[in-house]
file query33.txt (compact mmCIF, C-alpha atoms)
# COMPACT_ATOMS: atom_id res chain seq x y z
CA MET A 1 92.41 57.52 230.48
CA THR A 2 91.62 58.44 226.87
CA ASP A 3 90.01 55.70 224.82
CA HIS A 4 92.60 53.21 223.56
CA GLN A 5 92.58 50.06 221.46
CA ALA A 6 91.37 47.61 224.08
CA ALA A 7 92.80 44.50 222.37
CA ILE A 8 96.33 45.61 223.31
CA PHE A 9 95.59 44.34 226.81
CA GLU A 10 93.58 41.19 225.92
CA GLU A 11 95.91 38.49 227.28
CA ASN A 12 96.16 34.68 227.15
CA HIS A 13 94.57 33.97 223.79
CA ALA A 14 95.75 30.77 222.14
CA HIS A 15 96.02 31.95 218.53
CA HIS A 16 97.58 35.06 217.00
CA LEU A 17 98.06 36.37 213.48
CA TYR A 18 100.53 39.16 212.74
CA LEU A 19 100.32 40.88 209.35
CA GLU A 20 102.67 43.65 208.22
CA PHE A 21 101.87 45.49 205.01
CA GLU A 22 103.82 47.93 202.86
CA ILE A 23 102.00 50.77 201.12
CA PRO A 24 104.04 52.22 198.23
CA ILE A 25 102.03 55.44 197.99
CA VAL A 26 99.66 56.87 200.59
CA THR A 27 96.98 58.98 198.97
CA GLY A 28 94.49 59.28 201.81
CA ALA A 29 92.50 57.21 204.28
CA LEU A 30 92.82 53.45 203.99
CA PRO A 31 89.99 51.16 202.90
CA GLY A 32 88.47 49.16 205.73
CA ALA A 33 85.93 51.29 207.61
CA ASP A 34 83.10 48.86 206.87
CA LEU A 35 85.13 45.87 208.06
CA LEU A 36 86.27 47.75 211.17
CA ALA A 37 82.61 48.42 211.97
CA ARG A 38 81.80 44.70 211.80
CA PRO A 39 83.84 43.08 214.58
CA VAL A 40 83.69 39.32 215.12
CA SER A 41 82.70 37.99 218.54
CA ARG A 42 85.67 36.82 220.61
CA VAL A 43 88.15 38.03 217.98
CA HIS A 44 90.35 40.93 219.07
CA GLU A 45 92.19 43.27 216.68
CA THR A 46 94.90 45.87 217.06
CA PHE A 47 96.09 48.24 214.33
CA ALA A 48 99.25 50.33 214.09
CA PHE A 49 100.82 52.46 211.39
CA SER A 50 104.08 53.97 210.19
CA GLY A 51 104.66 57.70 210.10
CA LYS A 52 104.42 57.57 206.31
CA VAL A 53 100.82 56.37 206.52
CA LEU A 54 99.78 58.77 209.27
CA ASP A 55 101.43 61.76 207.58
CA GLY A 56 99.82 60.81 204.28
CA ILE A 57 96.37 60.86 205.84
CA ASP A 58 96.76 63.79 208.25
CA HIS A 59 100.07 64.90 209.80
CA ARG A 60 98.21 65.66 213.04
CA LEU A 61 97.81 61.90 213.51
CA THR A 62 101.59 61.43 213.80
CA PRO A 63 103.17 61.64 217.28
CA SER A 64 106.46 63.49 217.53
CA GLU A 65 108.62 60.49 218.49
CA LEU A 66 107.52 58.20 215.68
CA LYS A 67 110.26 57.30 213.20
CA PRO A 68 111.22 54.28 211.08
CA PHE A 69 113.15 51.46 212.70
CA GLU A 70 116.87 51.72 211.91
CA THR A 71 119.29 48.79 211.68
CA ILE A 72 121.41 48.30 214.80
CA VAL A 73 124.84 46.67 214.43
CA GLY A 74 125.97 45.05 217.64
CA GLN A 75 129.32 44.79 219.38
CA GLU A 76 130.04 41.44 217.75
CA GLU A 77 128.56 42.41 214.38
CA GLU A 78 125.14 40.95 215.17
CA ILE A 79 122.49 42.86 213.29
CA ALA A 80 119.01 43.89 214.33
CA PRO A 81 117.77 44.57 210.80
CA ALA A 82 115.29 47.21 209.74
CA THR A 83 112.40 45.91 207.62
CA GLN A 84 110.06 48.84 208.20
CA CYS A 85 106.52 48.30 206.96
CA ASP A 86 103.50 50.59 207.02
CA VAL A 87 100.44 48.84 208.43
CA PHE A 88 100.42 46.32 211.27
CA VAL A 89 97.36 44.16 211.90
CA TRP A 90 97.35 41.87 214.95
CA ILE A 91 94.44 39.45 215.36
CA GLN A 92 94.05 37.22 218.43
CA SER A 93 91.45 34.77 219.69
CA ASN A 94 90.98 31.29 221.12
CA GLN A 95 89.42 30.29 217.79
CA ARG A 96 92.07 29.72 215.14
CA ASP A 97 89.56 29.48 212.29
CA GLU A 98 88.12 32.90 213.10
CA VAL A 99 91.60 34.44 213.37
CA PHE A 100 92.44 33.05 209.94
CA ALA A 101 89.14 34.16 208.42
CA ARG A 102 89.51 37.68 209.78
CA GLY A 103 93.04 37.86 208.39
CA LEU A 104 91.73 36.91 204.96
CA SER A 105 89.14 39.69 205.22
CA TRP A 106 91.81 42.32 205.95
CA MET A 107 93.97 40.96 203.13
CA GLN A 108 91.10 41.44 200.72
CA VAL A 109 90.20 44.91 201.96
CA LEU A 110 93.77 46.23 201.90
CA GLY A 111 94.82 44.37 198.77
CA ASP A 112 94.28 47.30 196.38
CA VAL A 113 96.62 49.65 198.26
CA ALA A 114 98.99 47.44 200.27
CA GLN A 115 101.37 44.52 199.80
CA LEU A 116 101.72 41.87 202.49
CA LYS A 117 105.39 41.65 203.49
CA ILE A 118 105.33 39.69 206.77
CA GLU A 119 102.90 37.01 207.94
CA GLU A 120 103.48 35.21 211.23
CA HIS A 121 101.20 32.84 213.14
CA GLY A 122 101.71 32.90 216.91
CA PHE A 123 100.44 30.52 219.54
CA LEU A 124 100.25 30.06 223.28
CA PHE A 125 102.84 27.45 224.31
CA ARG A 126 102.07 25.59 227.51
CA ASP A 127 101.84 28.00 230.46
CA ASN A 128 102.87 31.06 228.43
CA ARG A 129 106.40 29.85 227.72
CA ASP A 130 108.83 30.67 224.97
CA LEU A 131 110.00 27.68 222.91
CA THR A 132 113.21 27.72 224.96
CA GLY A 133 111.03 26.47 227.82
CA PHE A 134 111.25 29.68 229.88
CA ILE A 135 108.15 31.64 230.86
CA ASP A 136 107.84 34.75 228.71
CA GLY A 137 106.95 38.21 229.99
CA THR A 138 107.49 37.55 233.70
CA SER A 139 108.49 41.17 234.32
CA ASN A 140 105.47 42.63 232.50
CA PRO A 141 103.52 45.32 234.37
CA GLN A 142 100.20 44.15 235.79
CA GLU A 143 96.65 45.50 236.00
CA GLN A 144 96.39 49.31 235.64
CA GLU A 145 100.17 49.65 235.50
CA ARG A 146 100.03 48.11 232.04
CA GLN A 147 98.23 51.15 230.68
CA ALA A 148 100.60 53.56 232.41
CA VAL A 149 103.57 51.84 230.74
CA ALA A 150 102.04 51.33 227.29
CA LEU A 151 99.84 54.36 226.64
CA ILE A 152 100.63 58.04 226.10
CA PRO A 153 98.91 59.68 229.08
CA THR A 154 98.01 63.16 227.83
CA GLY A 155 97.91 65.44 224.82
CA ALA A 156 96.70 65.02 221.26
CA HIS A 157 97.84 61.37 221.10
CA ALA A 158 96.65 60.28 224.54
CA GLY A 159 95.66 56.62 224.60
CA GLY A 160 97.98 55.82 221.71
CA SER A 161 101.00 53.56 221.97
CA TYR A 162 104.34 53.12 220.23
CA VAL A 163 104.86 49.60 218.90
CA LEU A 164 107.93 47.47 218.18
CA THR A 165 107.65 44.29 216.11
CA GLN A 166 110.48 41.81 215.48
CA ARG A 167 110.59 38.24 214.27
CA TRP A 168 113.34 36.28 216.09
CA LEU A 169 114.81 32.94 214.98
CA HIS A 170 115.93 30.53 217.72
CA ASP A 171 118.70 27.94 217.55
CA LEU A 172 116.98 25.50 219.87
CA THR A 173 119.48 22.73 219.12
CA ALA A 174 122.32 24.83 220.51
CA PHE A 175 120.29 26.16 223.44
CA ASN A 176 118.96 22.76 224.48
CA ALA A 177 122.49 21.34 224.37
CA GLU A 178 123.32 23.49 227.41
CA GLU A 179 122.73 22.23 230.92
CA VAL A 180 119.63 23.71 232.55
CA GLU A 181 121.75 25.61 235.07
CA ASP A 182 123.64 27.30 232.24
CA GLN A 183 120.41 28.06 230.39
CA GLU A 184 119.24 29.78 233.56
CA ARG A 185 122.40 31.89 233.62
CA VAL A 186 121.75 32.88 229.99
CA ILE A 187 118.21 34.01 230.81
CA GLY A 188 118.71 35.20 234.40
CA ARG A 189 115.74 33.26 235.76
CA THR A 190 114.99 29.72 236.88
CA LYS A 191 113.49 27.59 234.14
CA LYS A 192 110.73 25.88 236.08
CA SER A 193 109.34 28.75 238.14
CA SER A 194 110.77 31.88 236.44
CA ILE A 195 112.29 33.18 239.67
CA GLU A 196 114.91 35.86 239.02
CA LEU A 197 118.41 34.83 240.05
CA ASP A 198 119.72 36.64 243.08
CA GLU A 199 122.37 39.34 242.75
CA GLU A 200 125.20 36.96 243.63
CA HIS A 201 124.32 34.52 240.83
CA MET A 202 123.00 36.93 238.18
CA PRO A 203 125.49 37.22 235.27
CA PRO A 204 125.87 40.79 233.97
CA ASP A 205 125.39 39.50 230.42
CA SER A 206 122.17 37.56 231.18
CA HIS A 207 119.05 38.50 229.28
CA VAL A 208 117.48 39.90 232.44
CA SER A 209 120.53 42.08 233.08
CA ARG A 210 120.57 43.44 229.53
CA ALA A 211 116.80 43.85 228.92
CA GLU A 212 115.62 45.05 232.33
CA LEU A 213 117.53 48.28 232.77
CA GLU A 214 117.41 51.81 234.08
CA HIS A 215 117.97 55.04 232.18
CA GLU A 216 119.09 58.03 234.26
CA GLY A 217 117.93 56.20 237.37
CA ILE A 218 114.44 55.39 236.03
CA GLU A 219 113.36 51.85 235.19
CA VAL A 220 112.79 51.37 231.46
CA GLN A 221 109.45 49.59 231.20
CA ILE A 222 107.63 48.23 228.17
CA TYR A 223 104.56 46.01 227.86
CA ARG A 224 105.39 42.78 226.01
CA ARG A 225 102.85 40.71 224.03
CA SER A 226 105.19 38.27 222.31
CA THR A 227 104.30 34.71 221.29
CA PRO A 228 106.15 31.70 219.89
CA THR A 229 105.98 31.36 216.12
CA GLY A 230 107.39 29.26 213.31
CA GLY A 231 107.52 25.59 212.37
CA MET A 232 109.84 22.71 213.09
CA THR A 233 112.74 24.23 211.14
CA ASP A 234 112.25 27.93 211.90
CA THR A 235 111.25 28.02 215.56
CA GLY A 236 111.25 31.44 217.08
CA LEU A 237 109.45 34.35 218.65
CA TYR A 238 107.33 37.17 217.32
CA PHE A 239 108.39 39.97 219.64
CA LEU A 240 105.64 42.54 220.10
CA ALA A 241 105.85 45.37 222.60
CA PHE A 242 104.04 48.60 223.45
CA SER A 243 105.34 51.73 225.14
CA ALA A 244 104.36 55.30 225.95
CA GLU A 245 107.84 56.31 224.67
CA LEU A 246 109.53 55.04 221.52
CA GLN A 247 113.05 55.56 222.84
CA ARG A 248 112.63 52.80 225.44
CA PHE A 249 112.79 50.17 222.69
CA THR A 250 116.09 51.51 221.39
CA TRP A 251 117.66 51.64 224.85
CA ILE A 252 116.81 47.98 225.45
CA LEU A 253 117.98 46.77 222.03
CA GLU A 254 121.24 48.69 222.29
CA SER A 255 121.82 47.21 225.73
CA MET A 256 121.23 43.70 224.39
CA LEU A 257 123.52 44.23 221.39
CA GLY A 258 126.41 45.58 223.43
CA LYS A 259 125.97 49.22 222.42
CA ALA A 260 125.44 50.53 225.96
CA ASN A 261 128.19 52.24 227.94
CA ASP A 262 129.32 49.04 229.69
CA GLY A 263 129.84 47.25 226.36
CA LEU A 264 128.29 44.00 227.55
CA ARG A 265 126.31 41.90 225.08
CA ASP A 266 123.24 39.80 225.88
CA ARG A 267 124.39 36.18 225.94
CA LEU A 268 120.96 35.13 224.67
CA LEU A 269 122.06 36.42 221.24
CA THR A 270 124.25 33.34 220.97
CA TYR A 271 121.05 31.33 220.54
CA THR A 272 118.62 33.67 218.79
CA LYS A 273 118.70 36.50 216.26
CA PRO A 274 116.24 39.08 214.95
CA LEU A 275 115.15 38.82 211.33
CA THR A 276 112.86 41.86 211.09
CA GLY A 277 112.24 45.18 212.80
CA SER A 278 109.58 47.90 212.55
CA PHE A 279 108.26 50.78 214.63
CA TYR A 280 104.58 51.70 214.47
CA PHE A 281 102.04 53.82 216.31
CA ALA A 282 98.75 52.37 217.55
CA PRO A 283 96.43 55.39 217.77
CA ASN A 284 93.52 55.69 220.16
CA SER A 285 90.14 54.45 218.98
CA GLN A 286 88.89 57.88 217.93
CA ALA A 287 91.89 58.46 215.67
CA LEU A 288 91.68 54.91 214.33
CA HIS A 289 88.30 55.65 212.80
CA ARG A 290 89.82 58.59 210.92
CA ILE A 291 92.44 56.36 209.32
CA PHE A 292 90.04 53.90 207.65
CA ALA A 293 87.56 55.15 205.07
call {"tool": "encode", "arguments": {"input": "query33.txt", "output": "structure tokens"}}
result
Amino acid sequence: MTDHQAAIFEENHAHHLYLEFEIPIVTGALPGADLLARPVSRVHETFAFSGKVLDGIDHRLTPSELKPFETIVGQEEEIAPATQCDVFVWIQSNQRDEVFARGLSWMQVLGDVAQLKIEEHGFLFRDNRDLTGFIDGTSNPQEQERQAVALIPTGAHAGGSYVLTQRWLHDLTAFNAEEVEDQERVIGRTKKSSIELDEEHMPPDSHVSRAELEHEGIEVQIYRRSTPTGGMTDTGLYFLAFSAELQRFTWILESMLGKANDGLRDRLLTYTKPLTGSFYFAPNSQALHRIFA
């Protein structure tokens, strides 16, 4: 497998920082090579970029599928909004102070060319649960399968990965007002042990039914790295996912929003909504060092 950004697969860290920057004009490589060359022990970083940035540096860095995120309007007028930014920096560690310090360093380095548009602080909640109380990422691929799902296998962009970022806002008051059995029907899994409901009891509009799908008979797989985020009044999820194909993200979102052929909408959307949406490309390590000057 071609060299990739190893931090994509560094799991179970307690603290996460997600920074999304906008660059009005791209005039060449980005500042940051010196900082990139000085990693911090036990702090893991991942970088991804919009097509505008990659094209502005060298069009050969841009994979053919990469495009800006476009707003999706759902069956019941729910909106998955587009808030496309240009540079995505994800920092994770078990040391919150070092995550914060590293974020400040990247803010300073990029400050002359970029504007910070989105800042989210993620955290590990109990045994890797969403704030709804359900285990997150149960269906994620494991071990070497993670790389097969997330990374482009061959060609000029081998080892790179398409990235989807979204900030979701939960209505925990409404969700927690439901009986546990009904919550389980919303999600499609048991709350305590995250066991998928059997076919007889699985609602067709459950989150599992809408997000775990097939396209032309092939399972649509993505590698999720989401974490809870927010405070007491804006609880939610920072949804982060990687894929060897960009189109997989769109298929899943359209299925959730009721835009698939069966017209069914994900019932989970009654209790949560997306606030942001961007597509990026996380290049392999060799290309990454061409992007920062």
call {"tool": "atom_distance", "arguments": {"input": "query33.txt", "atom1": "CA of Glu45 (chain A)", "atom2": "CA of Phe100 (chain A)"}}
result
12.2 Å
call {"tool": "axis_aligned_box", "arguments": {"input": "query33.txt", "around": "region 63-72 of chain A", "padding_each_side": "8 Å", "output": "lines of an AutoDock Vina configuration file"}}
result
center_x = 112.3
center_y = 55.9
center_z = 214.8
size_x = 34.2
size_y = 31.2
size_z = 23.4
call {"tool": "atom_distance", "arguments": {"input": "query33.txt", "atom1": "CA of Pro24 (chain A)", "atom2": "CA of Ala293 (chain A)"}}
result
18.1 Å
call {"tool": "closest_residue", "arguments": {"input": "query33.txt", "among": "A:Asp171, A:Met107, A:Thr233, A:Ile72", "to": "Trp251 (chain A)", "atoms": "all atoms listed in the file"}}
result
A:Ile72
call {"tool": "atom_distance", "arguments": {"input": "query33.txt", "atom1": "CA of Asn176 (chain A)", "atom2": "CA of Thr235 (chain A)"}}
result
12.9 Å
call {"tool": "residues_around", "arguments": {"input": "query33.txt", "residues": "Thr138 (chain A)", "least_positions_apart": "2", "cutoff": "9 Å", "atoms": "all atoms listed in the file", "output": "NGL selection string"}}
result
:A and (135-136 or 140-141 or 194-195)
call {"tool": "closest_residue", "arguments": {"input": "query33.txt", "among": "A:His289, A:His44, A:Arg225, A:His215", "to": "Thr165 (chain A)", "atoms": "all atoms listed in the file"}}
result
A:Arg225
call {"tool": "residues_around", "arguments": {"input": "query33.txt", "residues": "Leu110 (chain A)", "least_positions_apart": "2", "cutoff": "12 Å", "atoms": "all atoms listed in the file", "output": "ChimeraX atom specification"}}
result
/A:19-23,29-33,35,86-89,103-108,112-116,292-293
call {"tool": "closest_residue", "arguments": {"input": "query33.txt", "among": "A:Asp34, A:Glu120, A:Glu78, A:Glu179", "to": "Leu253 (chain A)", "atoms": "all atoms listed in the file"}}
result
A:Glu78
call {"tool": "closest_residue", "arguments": {"input": "query33.txt", "among": "A:Gly258, A:Gly28, A:Gly74, A:Gly122", "to": "Arg167 (chain A)", "atoms": "only C-alpha atoms"}}
result
A:Gly122
call {"tool": "closest_atom_pairs", "arguments": {"input": "query33.txt", "of": "region 119-215 of chain A", "to": "region 266-283 of chain A", "cutoff": "6 Å", "atoms": "all atoms listed in the file", "output": "CSV"}}
result
residue,atom,partner,partner_atom,distance
A:Gly160,CA,A:Pro283,CA,4.3
A:Ser161,CA,A:Ala282,CA,5.1
A:Tyr162,CA,A:Phe281,CA,4.6
A:Val163,CA,A:Tyr280,CA,4.9
A:Leu164,CA,A:Phe279,CA,4.9
A:Thr165,CA,A:Ser278,CA,5.4
A:Gln166,CA,A:Gly277,CA,4.7
A:Arg167,CA,A:Thr276,CA,5.3
A:Trp168,CA,A:Pro274,CA,4.2
A:Leu169,CA,A:Lys273,CA,5.4
A:His170,CA,A:Thr272,CA,4.3
A:Asp171,CA,A:Tyr271,CA,5.1
A:Phe175,CA,A:Tyr271,CA,6.0
A:Val186,CA,A:Leu268,CA,5.8
A:Asp205,CA,A:Asp266,CA,5.0
A:Ser206,CA,A:Asp266,CA,5.9
A:His207,CA,A:Asp266,CA,5.6
A:Arg210,CA,A:Asp266,CA,5.8
call {"tool": "closest_residue", "arguments": {"input": "query33.txt", "among": "A:Ile291, A:Gly236, A:His121, A:Ala260", "to": "His59 (chain A)", "atoms": "all atoms listed in the file"}}
result
A:Ile291
call {"tool": "closest_residue", "arguments": {"input": "query33.txt", "among": "A:Val99, A:Ile252, A:Gly188, A:Gly155", "to": "Glu200 (chain A)", "atoms": "all atoms listed in the file"}}
result
A:Gly188
